[in-house]
Amino acid sequence: MTVRQMLLQLVAHGYEVQVLGATVFDNPKGMGRLKEQFPDLSAHQHQLIEAEDGPLTHQLVVSYSHNRNHFTTHEEGLWYSQYLYMLDSFKPDMVWFYGGQTLDMLIADEARDRGIPVAFYLANGNYKAPRWCRDVDLILTDSQATADMYRKEVGYVAKPVGKFIAPESFVAEHHERKRLLFVNPSWQKGASVFVQLAEKLERERPDIELEVVEARADWPAVLRETTRKMGKQRSALSNVVVTPNTSDMRGPYSRARVVVAPSLWWESSGRMLAEAILNGIPALITNRGGMPEMIGNAGITFDFPDACYEEPYQHLLSDEELQPLMDAVISFFDDEALYQDYVDRAWKIGEEKHHLDRATDRLLTALAPLVRQHAGNKDFTISQKKRHRQRLTYRATKPEFKVDNSLQQLVSPKAGAKQVNEPEANRLWLTDNFTWEIIGKIMVLDNRASLIKSGFAEQMAATEAFGIVAFDPASEIKDPKQYEGSDYIQLFQHALLGDGKATTLHACVSPEMSSILSPLPVEKLPKRHHLGAKPLAELPITTVALDSIDGLGNLDWLILDELSDAMAVLEHGKKSLTDTLLIQARVAFQLTHEKQPNLAELQHWASRNGFRFYRFHNISHYSHLPDELNARVPCATEQEGADVLFLPSHERIAALSNENKTKLAFILSAVFAAHDIAFDLIADVSKEKALELLEAQGLLPPPVAKDNNELNGKFPKKETAFLGQDDNFLELLN
């Protein structure tokens, strides 16, 4: 993120920039922006794509894996060939890169061979060997602390230029100043310390709200592991709001009163700290690397016991060791005069140290001596002949990008091995090679906002084919305002479907266990649910009967959860469900609440009301292995629950209009990857469209047969045939 912003600043100051990379990311979450332009990267494997990023264009070699450790020699060869071609065609005045693996070292080596100066960006404490910088002319870093550390421990000199933060994506316009904010809950960043602090605040100061923003790390896993070591494993904390990974941090910063960054490894600077200071937010930090340098006097620095700074960074603090951090948090929330003094300090340091213009001036000054050499204007062959032992030169030509599938064939199941895979529950199975013709919106009613909580609703809304009405009885959605005014998603909190009567919501320690059904006694629950299912309060709540909703219109897809009275919903919604295309009802196999819906009741209702059982979906499993072991060798044998899908009965299917058959086919294909039954439905509407769907999904057999009994059953004309050779072209001959 920092280097990208630096490049944007260089472009704004007249530099001509070309960027070469690969689809390699620290975490798949980092692919978000790229996926917007290339939803199906696999279709471009081992090709060179161009991703537009404002004034920047990123040339990227599409790799099989996002993980740098899995970058194959074939992919390295493609990338290296393109790099040589860009050196000899673009003829840059300077090459700038980061990374210390074997291929990365050739970046500087090839530039030096042509007499092109090389700059390197260094922002962590791992570059202790001297080889990577042998051909590097200028090392840039983000803090004086990192520069001093490397000069002392290794001997090379790095020039600090600070952090580069664009205010439009990171500086909020308004500040509520109500939460303690923690970003990227990884072990290295001090997640274990934060969990201990959060748990103590939950007990002693439940009025203080905390927010965790996930980045690369998995907050639930960190929480479970740390609380397990503390003695009572927890799956949630009542005072902690979790925000998914986001590229726009203005929301979290607008809510933050204080940021906490208890990093336990060498932190070169801490980008988040500079962002917070630019927002006038004080910080509580550990004394690691360049972090004190980032906040100046706009926060408080803590030193923890040495054991905290040792891998795997999961040491538990005593109450006495944690108390100073606890006291600082409380002071910033209770002492307004003290807090405002630190806010004023933050604004001042942000303007003096972290303003984008100041950082850009430092960068331009550092690069100026290299750029003034105008190396791109020189004849590269002179430098190459001097360095080549055989006095030869080389001019790269545009490389040919070829696909190599040997790795996929090695790691994929062997041919003939029978596998039944559950489709991914949180992705749309769409292809650009097939156009769905949907009339009107597909209306979805979601009784516990499962689509929103899984992140699936946004994908569905992006298609503009769905209208989603979601209920959130336990107020689990933390930012409901984002859906206000949406044309595709409506959210109603503290409400749910039922029989239309007032009832009681049993609020539990874990919000996801809160229900209008009473939790089972603790002796009837597995240990993992003992704490989460513990009731906290009983709240009045009014249910809504489906048949009483005015203006509902068409209801195409109903989603019921396992913590509501599903049978009451169905019995009081018979009229509304007369023409419904799909009912998705969650069933718990391992019961946690009284009177949870079961498969027998649901099937009995379905058979009497024009529906039939279709399949199970999204089966959840529980592993009895320790979390760490299960993460390495997954083995989860106990099934906890599943969604049960009900389709219209065969009689109703036959009577459906072409419009509704197409809608149902779209839902089943796009959401559940059930392309076979979608094909069957579409074939009743259009034989040609059905074949197009098969072709688009890659389900057609090799184009050799003149006759195919199964297809001829659907298309009885004898003239039907598969034609074509290399391109698998398909025609329907009538």
# chains A, B, ... in the order shown; residues from 1 in each chain; ligands from 1
call {"tool": "select_by_dssp", "arguments": {"residues": "stretch 513-684 of chain A", "states": "helix (DSSP H, G or I)", "output": "JSON, numbers by chain"}}
result
{"A": [513, 522, 523, 524, 527, 528, 529, 546, 547, 548, 566, 567, 568, 569, 570, 571, 599, 600, 601, 602, 603, 604, 605, 606, 607, 608, 627, 628, 629, 630, 631, 632, 650, 651, 652, 653, 654, 655, 658, 659, 660, 661, 662, 663, 664, 665, 666, 667, 668, 669, 670, 671, 672, 675, 676, 677, 678, 679, 680, 681, 682, 683]}
call {"tool": "residues_around", "arguments": {"residues": "A:Val242", "least_positions_apart": "4", "cutoff": "9 Å", "atoms": "only C-alpha atoms", "output": "number ranges by chain"}}
result
A: 210-214, 219, 478
call {"tool": "residues_around", "arguments": {"residues": "A:Thr662", "least_positions_apart": "6", "cutoff": "10 Å", "atoms": "only C-alpha atoms", "output": "list in words"}}
result
Trp436, Glu437, Ile438, Ile439, Leu656, Leu668, Ala678, Phe679, Leu681, Ile682, Ala683, Asp684, Val685 and Ser686 of chain A
call {"tool": "select_by_dssp", "arguments": {"residues": "stretch 33-71 of chain A", "states": "strand (DSSP E or B)", "output": "list of chain:residue names"}}
result
A:Leu48, A:Ile49, A:Glu50, A:Ala51, A:Glu52, A:Asp53, A:Leu56, A:Thr57, A:His58, A:Gln59, A:Leu60, A:Val61
call {"tool": "write_last_selection", "arguments": {"atoms": "N, CA and C atoms", "output": "PDB file, in the first residue's frame"}}
result
ATOM      1  N   LEU A  48      -0.354 -12.364 -19.334  1.00  0.00           N
ATOM      2  CA  LEU A  48      -0.050 -11.041 -18.792  1.00  0.00           C
ATOM      3  C   LEU A  48      -1.303 -10.181 -18.882  1.00  0.00           C
ATOM      4  N   ILE A  49      -1.812  -9.752 -17.745  1.00  0.00           N
ATOM      5  CA  ILE A  49      -2.997  -8.901 -17.729  1.00  0.00           C
ATOM      6  C   ILE A  49      -2.585  -7.491 -17.322  1.00  0.00           C
ATOM      7  N   GLU A  50      -3.435  -6.538 -17.618  1.00  0.00           N
ATOM      8  CA  GLU A  50      -3.186  -5.155 -17.242  1.00  0.00           C
ATOM      9  C   GLU A  50      -4.335  -4.675 -16.363  1.00  0.00           C
ATOM     10  N   ALA A  51      -4.032  -4.343 -15.131  1.00  0.00           N
ATOM     11  CA  ALA A  51      -5.030  -3.874 -14.171  1.00  0.00           C
ATOM     12  C   ALA A  51      -4.917  -2.361 -14.042  1.00  0.00           C
ATOM     13  N   GLU A  52      -6.015  -1.678 -14.318  1.00  0.00           N
ATOM     14  CA  GLU A  52      -6.016  -0.222 -14.243  1.00  0.00           C
ATOM     15  C   GLU A  52      -6.202   0.227 -12.799  1.00  0.00           C
ATOM     16  N   ASP A  53      -5.379   1.176 -12.390  1.00  0.00           N
ATOM     17  CA  ASP A  53      -5.392   1.668 -11.013  1.00  0.00           C
ATOM     18  C   ASP A  53      -5.175   3.173 -11.050  1.00  0.00           C
ATOM     19  N   LEU A  56      -2.033   4.599 -12.726  1.00  0.00           N
ATOM     20  CA  LEU A  56      -1.103   3.477 -12.813  1.00  0.00           C
ATOM     21  C   LEU A  56      -1.734   2.329 -13.584  1.00  0.00           C
ATOM     22  N   THR A  57      -0.908   1.604 -14.322  1.00  0.00           N
ATOM     23  CA  THR A  57      -1.325   0.356 -14.959  1.00  0.00           C
ATOM     24  C   THR A  57      -0.379  -0.742 -14.473  1.00  0.00           C
ATOM     25  N   HIS A  58      -0.943  -1.751 -13.816  1.00  0.00           N
ATOM     26  CA  HIS A  58      -0.137  -2.855 -13.296  1.00  0.00           C
ATOM     27  C   HIS A  58      -0.138  -3.998 -14.304  1.00  0.00           C
ATOM     28  N   GLN A  59       1.017  -4.319 -14.849  1.00  0.00           N
ATOM     29  CA  GLN A  59       1.148  -5.526 -15.662  1.00  0.00           C
ATOM     30  C   GLN A  59       1.411  -6.688 -14.701  1.00  0.00           C
ATOM     31  N   LEU A  60       0.570  -7.712 -14.767  1.00  0.00           N
ATOM     32  CA  LEU A  60       0.637  -8.806 -13.806  1.00  0.00           C
ATOM     33  C   LEU A  60       0.660 -10.146 -14.519  1.00  0.00           C
ATOM     34  N   VAL A  61       1.611 -10.976 -14.162  1.00  0.00           N
ATOM     35  CA  VAL A  61       1.619 -12.361 -14.612  1.00  0.00           C
ATOM     36  C   VAL A  61       0.657 -13.134 -13.711  1.00  0.00           C
TER      37      VAL A  61
END
call {"tool": "residues_around", "arguments": {"residues": "A:Gln384", "least_positions_apart": "2", "cutoff": "7 Å", "atoms": "only C-alpha atoms", "output": "list in words"}}
result
Asp113, Arg114, Phe380, Thr381, Ile382, Lys386, Arg387, His388 and Thr393 of chain A
call {"tool": "residues_around", "arguments": {"residues": "stretch 174-186 of chain A", "least_positions_apart": "3", "cutoff": "7 Å", "atoms": "only C-alpha atoms", "output": "list in words"}}
result
Lys189, Gly190, Ala191, Ile208, Glu209, Leu210, Glu211, Val212, Val213, Glu214, Ala215, Arg216, Ala217, Asp218, Trp219, Ser254, Arg255, Ala256, Arg257, Val258, Val259, Val260 and Ala261 of chain A
call {"tool": "write_last_selection", "arguments": {"atoms": "N, CA, C and O atoms", "output": "CSV table (one decimal), in the first residue's frame"}}
result
chain,number,residue,atom,x,y,z
A,189,LYS,N,1.2,-8.9,15.8
A,189,LYS,CA,0.7,-7.5,16.1
A,189,LYS,C,0.1,-7.4,17.6
A,189,LYS,O,-0.4,-6.4,18.0
A,190,GLY,N,0.3,-8.5,18.4
A,190,GLY,CA,-0.1,-8.4,19.8
A,190,GLY,C,-1.6,-8.8,20.0
A,190,GLY,O,-2.2,-8.3,21.0
A,191,ALA,N,-2.1,-9.7,19.2
A,191,ALA,CA,-3.5,-10.1,19.4
A,191,ALA,C,-3.8,-10.7,20.7
A,191,ALA,O,-4.8,-10.5,21.3
A,208,ILE,N,-17.2,0.4,27.6
A,208,ILE,CA,-16.2,0.8,26.6
A,208,ILE,C,-16.3,-0.1,25.4
A,208,ILE,O,-16.2,-1.4,25.5
A,209,GLU,N,-16.6,0.4,24.2
A,209,GLU,CA,-16.8,-0.4,23.0
A,209,GLU,C,-15.4,-0.6,22.4
A,209,GLU,O,-14.6,0.3,22.3
A,210,LEU,N,-15.2,-1.8,21.9
A,210,LEU,CA,-13.9,-2.1,21.2
A,210,LEU,C,-14.3,-2.6,19.7
A,210,LEU,O,-15.3,-3.2,19.5
A,211,GLU,N,-13.4,-2.2,18.8
A,211,GLU,CA,-13.6,-2.6,17.4
A,211,GLU,C,-12.3,-3.3,16.9
A,211,GLU,O,-11.2,-2.8,17.1
A,212,VAL,N,-12.5,-4.4,16.2
A,212,VAL,CA,-11.4,-5.1,15.6
A,212,VAL,C,-11.6,-5.1,14.1
A,212,VAL,O,-12.6,-5.5,13.6
A,213,VAL,N,-10.6,-4.7,13.4
A,213,VAL,CA,-10.6,-4.7,11.9
A,213,VAL,C,-9.7,-5.8,11.4
A,213,VAL,O,-8.5,-5.8,11.6
A,214,GLU,N,-10.3,-6.8,10.8
A,214,GLU,CA,-9.6,-7.9,10.3
A,214,GLU,C,-8.8,-7.5,9.0
A,214,GLU,O,-9.3,-6.8,8.2
A,215,ALA,N,-7.6,-8.0,8.9
A,215,ALA,CA,-6.8,-7.8,7.6
A,215,ALA,C,-6.4,-9.1,7.2
A,215,ALA,O,-7.1,-9.9,6.6
A,216,ARG,N,-5.1,-9.5,7.4
A,216,ARG,CA,-4.6,-10.8,7.1
A,216,ARG,C,-5.1,-11.9,8.1
A,216,ARG,O,-5.1,-13.1,7.8
A,217,ALA,N,-5.3,-11.4,9.3
A,217,ALA,CA,-5.5,-12.3,10.4
A,217,ALA,C,-6.9,-12.8,10.6
A,217,ALA,O,-7.9,-12.2,10.1
A,218,ASP,N,-7.1,-13.9,11.4
A,218,ASP,CA,-8.4,-14.5,11.6
A,218,ASP,C,-8.8,-14.2,13.1
A,218,ASP,O,-8.3,-14.9,14.0
A,219,TRP,N,-9.6,-13.2,13.4
A,219,TRP,CA,-9.9,-12.9,14.8
A,219,TRP,C,-10.5,-14.0,15.6
A,219,TRP,O,-10.1,-14.2,16.7
A,254,SER,N,-13.4,6.9,11.9
A,254,SER,CA,-14.4,7.8,12.4
A,254,SER,C,-15.0,7.4,13.7
A,254,SER,O,-15.5,8.3,14.4
A,255,ARG,N,-15.0,6.1,14.0
A,255,ARG,CA,-15.6,5.6,15.3
A,255,ARG,C,-14.5,5.6,16.4
A,255,ARG,O,-14.9,5.4,17.6
A,256,ALA,N,-13.3,5.6,16.1
A,256,ALA,CA,-12.2,5.4,17.0
A,256,ALA,C,-11.9,6.6,18.0
A,256,ALA,O,-11.8,7.7,17.5
A,257,ARG,N,-11.8,6.3,19.2
A,257,ARG,CA,-11.4,7.3,20.2
A,257,ARG,C,-9.9,7.1,20.5
A,257,ARG,O,-9.1,8.1,20.6
A,258,VAL,N,-9.4,5.8,20.5
A,258,VAL,CA,-8.0,5.5,20.8
A,258,VAL,C,-7.7,4.3,19.9
A,258,VAL,O,-8.6,3.4,19.7
A,259,VAL,N,-6.5,4.2,19.4
A,259,VAL,CA,-6.0,3.0,18.8
A,259,VAL,C,-5.0,2.3,19.7
A,259,VAL,O,-4.3,3.0,20.4
A,260,VAL,N,-5.0,1.0,19.7
A,260,VAL,CA,-4.1,0.2,20.4
A,260,VAL,C,-3.3,-0.7,19.5
A,260,VAL,O,-3.8,-1.3,18.6
A,261,ALA,N,-1.9,-0.6,19.6
A,261,ALA,CA,-1.1,-1.4,18.7
A,261,ALA,C,0.0,-2.1,19.6
A,261,ALA,O,1.2,-1.6,19.6
call {"tool": "residues_around", "arguments": {"residues": "A:Asp142", "least_positions_apart": "2", "cutoff": "8 Å", "atoms": "only C-alpha atoms", "output": "PDB file with all heavy atoms, in the first residue's frame"}}
result
ATOM      1  N   LEU A 122      12.437  -0.826   1.905  1.00  0.00           N
ATOM      2  CA  LEU A 122      12.645  -1.768   3.003  1.00  0.00           C
ATOM      3  C   LEU A 122      11.837  -1.313   4.219  1.00  0.00           C
ATOM      4  O   LEU A 122      12.049  -0.221   4.731  1.00  0.00           O
ATOM      5  CB  LEU A 122      14.132  -1.829   3.357  1.00  0.00           C
ATOM      6  CG  LEU A 122      14.557  -2.647   4.571  1.00  0.00           C
ATOM      7  CD1 LEU A 122      14.146  -4.097   4.410  1.00  0.00           C
ATOM      8  CD2 LEU A 122      16.060  -2.549   4.754  1.00  0.00           C
ATOM      9  N   ALA A 123      10.880  -2.149   4.654  1.00  0.00           N
ATOM     10  CA  ALA A 123      10.025  -1.730   5.769  1.00  0.00           C
ATOM     11  C   ALA A 123       9.776  -2.863   6.759  1.00  0.00           C
ATOM     12  O   ALA A 123       8.697  -2.984   7.322  1.00  0.00           O
ATOM     13  CB  ALA A 123       8.705  -1.197   5.233  1.00  0.00           C
ATOM     14  N   LEU A 140      15.550   2.786   0.564  1.00  0.00           N
ATOM     15  CA  LEU A 140      14.588   3.662   1.235  1.00  0.00           C
ATOM     16  C   LEU A 140      13.891   2.877   2.334  1.00  0.00           C
ATOM     17  O   LEU A 140      13.602   1.697   2.182  1.00  0.00           O
ATOM     18  CB  LEU A 140      13.547   4.173   0.241  1.00  0.00           C
ATOM     19  CG  LEU A 140      14.064   4.966  -0.961  1.00  0.00           C
ATOM     20  CD1 LEU A 140      12.923   5.252  -1.927  1.00  0.00           C
ATOM     21  CD2 LEU A 140      14.725   6.267  -0.515  1.00  0.00           C
ATOM     22  N   GLN A 144      13.388   6.186  10.922  1.00  0.00           N
ATOM     23  CA  GLN A 144      14.782   6.342  11.336  1.00  0.00           C
ATOM     24  C   GLN A 144      15.205   5.162  12.201  1.00  0.00           C
ATOM     25  O   GLN A 144      16.365   4.728  12.159  1.00  0.00           O
ATOM     26  CB  GLN A 144      14.950   7.646  12.125  1.00  0.00           C
ATOM     27  CG  GLN A 144      16.398   7.983  12.457  1.00  0.00           C
ATOM     28  CD  GLN A 144      17.224   8.252  11.221  1.00  0.00           C
ATOM     29  OE1 GLN A 144      16.855   9.056  10.376  1.00  0.00           O
ATOM     30  NE2 GLN A 144      18.360   7.577  11.083  1.00  0.00           N
ATOM     31  N   THR A 146      14.393   1.999  11.865  1.00  0.00           N
ATOM     32  CA  THR A 146      14.811   0.891  11.006  1.00  0.00           C
ATOM     33  C   THR A 146      16.156   1.195  10.362  1.00  0.00           C
ATOM     34  O   THR A 146      17.021   0.314  10.259  1.00  0.00           O
ATOM     35  CB  THR A 146      13.742   0.635   9.926  1.00  0.00           C
ATOM     36  OG1 THR A 146      12.543   0.199  10.570  1.00  0.00           O
ATOM     37  CG2 THR A 146      14.187  -0.435   8.953  1.00  0.00           C
ATOM     38  N   PRO A 160      15.398   7.139   5.478  1.00  0.00           N
ATOM     39  CA  PRO A 160      13.973   7.141   5.851  1.00  0.00           C
ATOM     40  C   PRO A 160      13.198   8.232   5.117  1.00  0.00           C
ATOM     41  O   PRO A 160      13.667   9.369   5.009  1.00  0.00           O
ATOM     42  CB  PRO A 160      14.005   7.402   7.357  1.00  0.00           C
ATOM     43  CG  PRO A 160      15.303   8.119   7.602  1.00  0.00           C
ATOM     44  CD  PRO A 160      16.272   7.622   6.567  1.00  0.00           C
ATOM     45  N   VAL A 161      12.033   7.862   4.610  1.00  0.00           N
ATOM     46  CA  VAL A 161      11.174   8.833   3.914  1.00  0.00           C
ATOM     47  C   VAL A 161       9.775   8.902   4.533  1.00  0.00           C
ATOM     48  O   VAL A 161       8.948   9.700   4.101  1.00  0.00           O
ATOM     49  CB  VAL A 161      11.065   8.499   2.407  1.00  0.00           C
ATOM     50  CG1 VAL A 161      12.400   8.722   1.717  1.00  0.00           C
ATOM     51  CG2 VAL A 161      10.575   7.072   2.183  1.00  0.00           C
ATOM     52  N   GLY A 162       9.475   8.041   5.508  1.00  0.00           N
ATOM     53  CA  GLY A 162       8.179   8.083   6.175  1.00  0.00           C
ATOM     54  C   GLY A 162       7.118   7.253   5.478  1.00  0.00           C
ATOM     55  O   GLY A 162       7.383   6.498   4.549  1.00  0.00           O
ATOM     56  N   LYS A 163       5.876   7.407   5.951  1.00  0.00           N
ATOM     57  CA  LYS A 163       4.735   6.690   5.380  1.00  0.00           C
ATOM     58  C   LYS A 163       4.016   7.582   4.367  1.00  0.00           C
ATOM     59  O   LYS A 163       4.099   8.815   4.436  1.00  0.00           O
ATOM     60  CB  LYS A 163       3.754   6.264   6.467  1.00  0.00           C
ATOM     61  CG  LYS A 163       4.370   5.479   7.602  1.00  0.00           C
ATOM     62  CD  LYS A 163       5.092   4.221   7.148  1.00  0.00           C
ATOM     63  CE  LYS A 163       4.167   3.145   6.649  1.00  0.00           C
ATOM     64  NZ  LYS A 163       4.882   1.883   6.360  1.00  0.00           N
ATOM     65  N   SER A 268       8.680  -1.870  11.820  1.00  0.00           N
ATOM     66  CA  SER A 268       9.474  -0.826  11.185  1.00  0.00           C
ATOM     67  C   SER A 268       8.882   0.556  11.436  1.00  0.00           C
ATOM     68  O   SER A 268       9.606   1.523  11.647  1.00  0.00           O
ATOM     69  CB  SER A 268       9.583  -1.088   9.683  1.00  0.00           C
ATOM     70  OG  SER A 268      10.442  -0.146   9.074  1.00  0.00           O
ATOM     71  N   SER A 269       7.577   0.657  11.381  1.00  0.00           N
ATOM     72  CA  SER A 269       6.940   1.943  11.692  1.00  0.00           C
ATOM     73  C   SER A 269       5.526   1.722  12.213  1.00  0.00           C
ATOM     74  O   SER A 269       5.166   2.183  13.278  1.00  0.00           O
ATOM     75  CB  SER A 269       6.905   2.852  10.459  1.00  0.00           C
ATOM     76  OG  SER A 269       6.169   2.252   9.416  1.00  0.00           O
TER      77      SER A 269
END
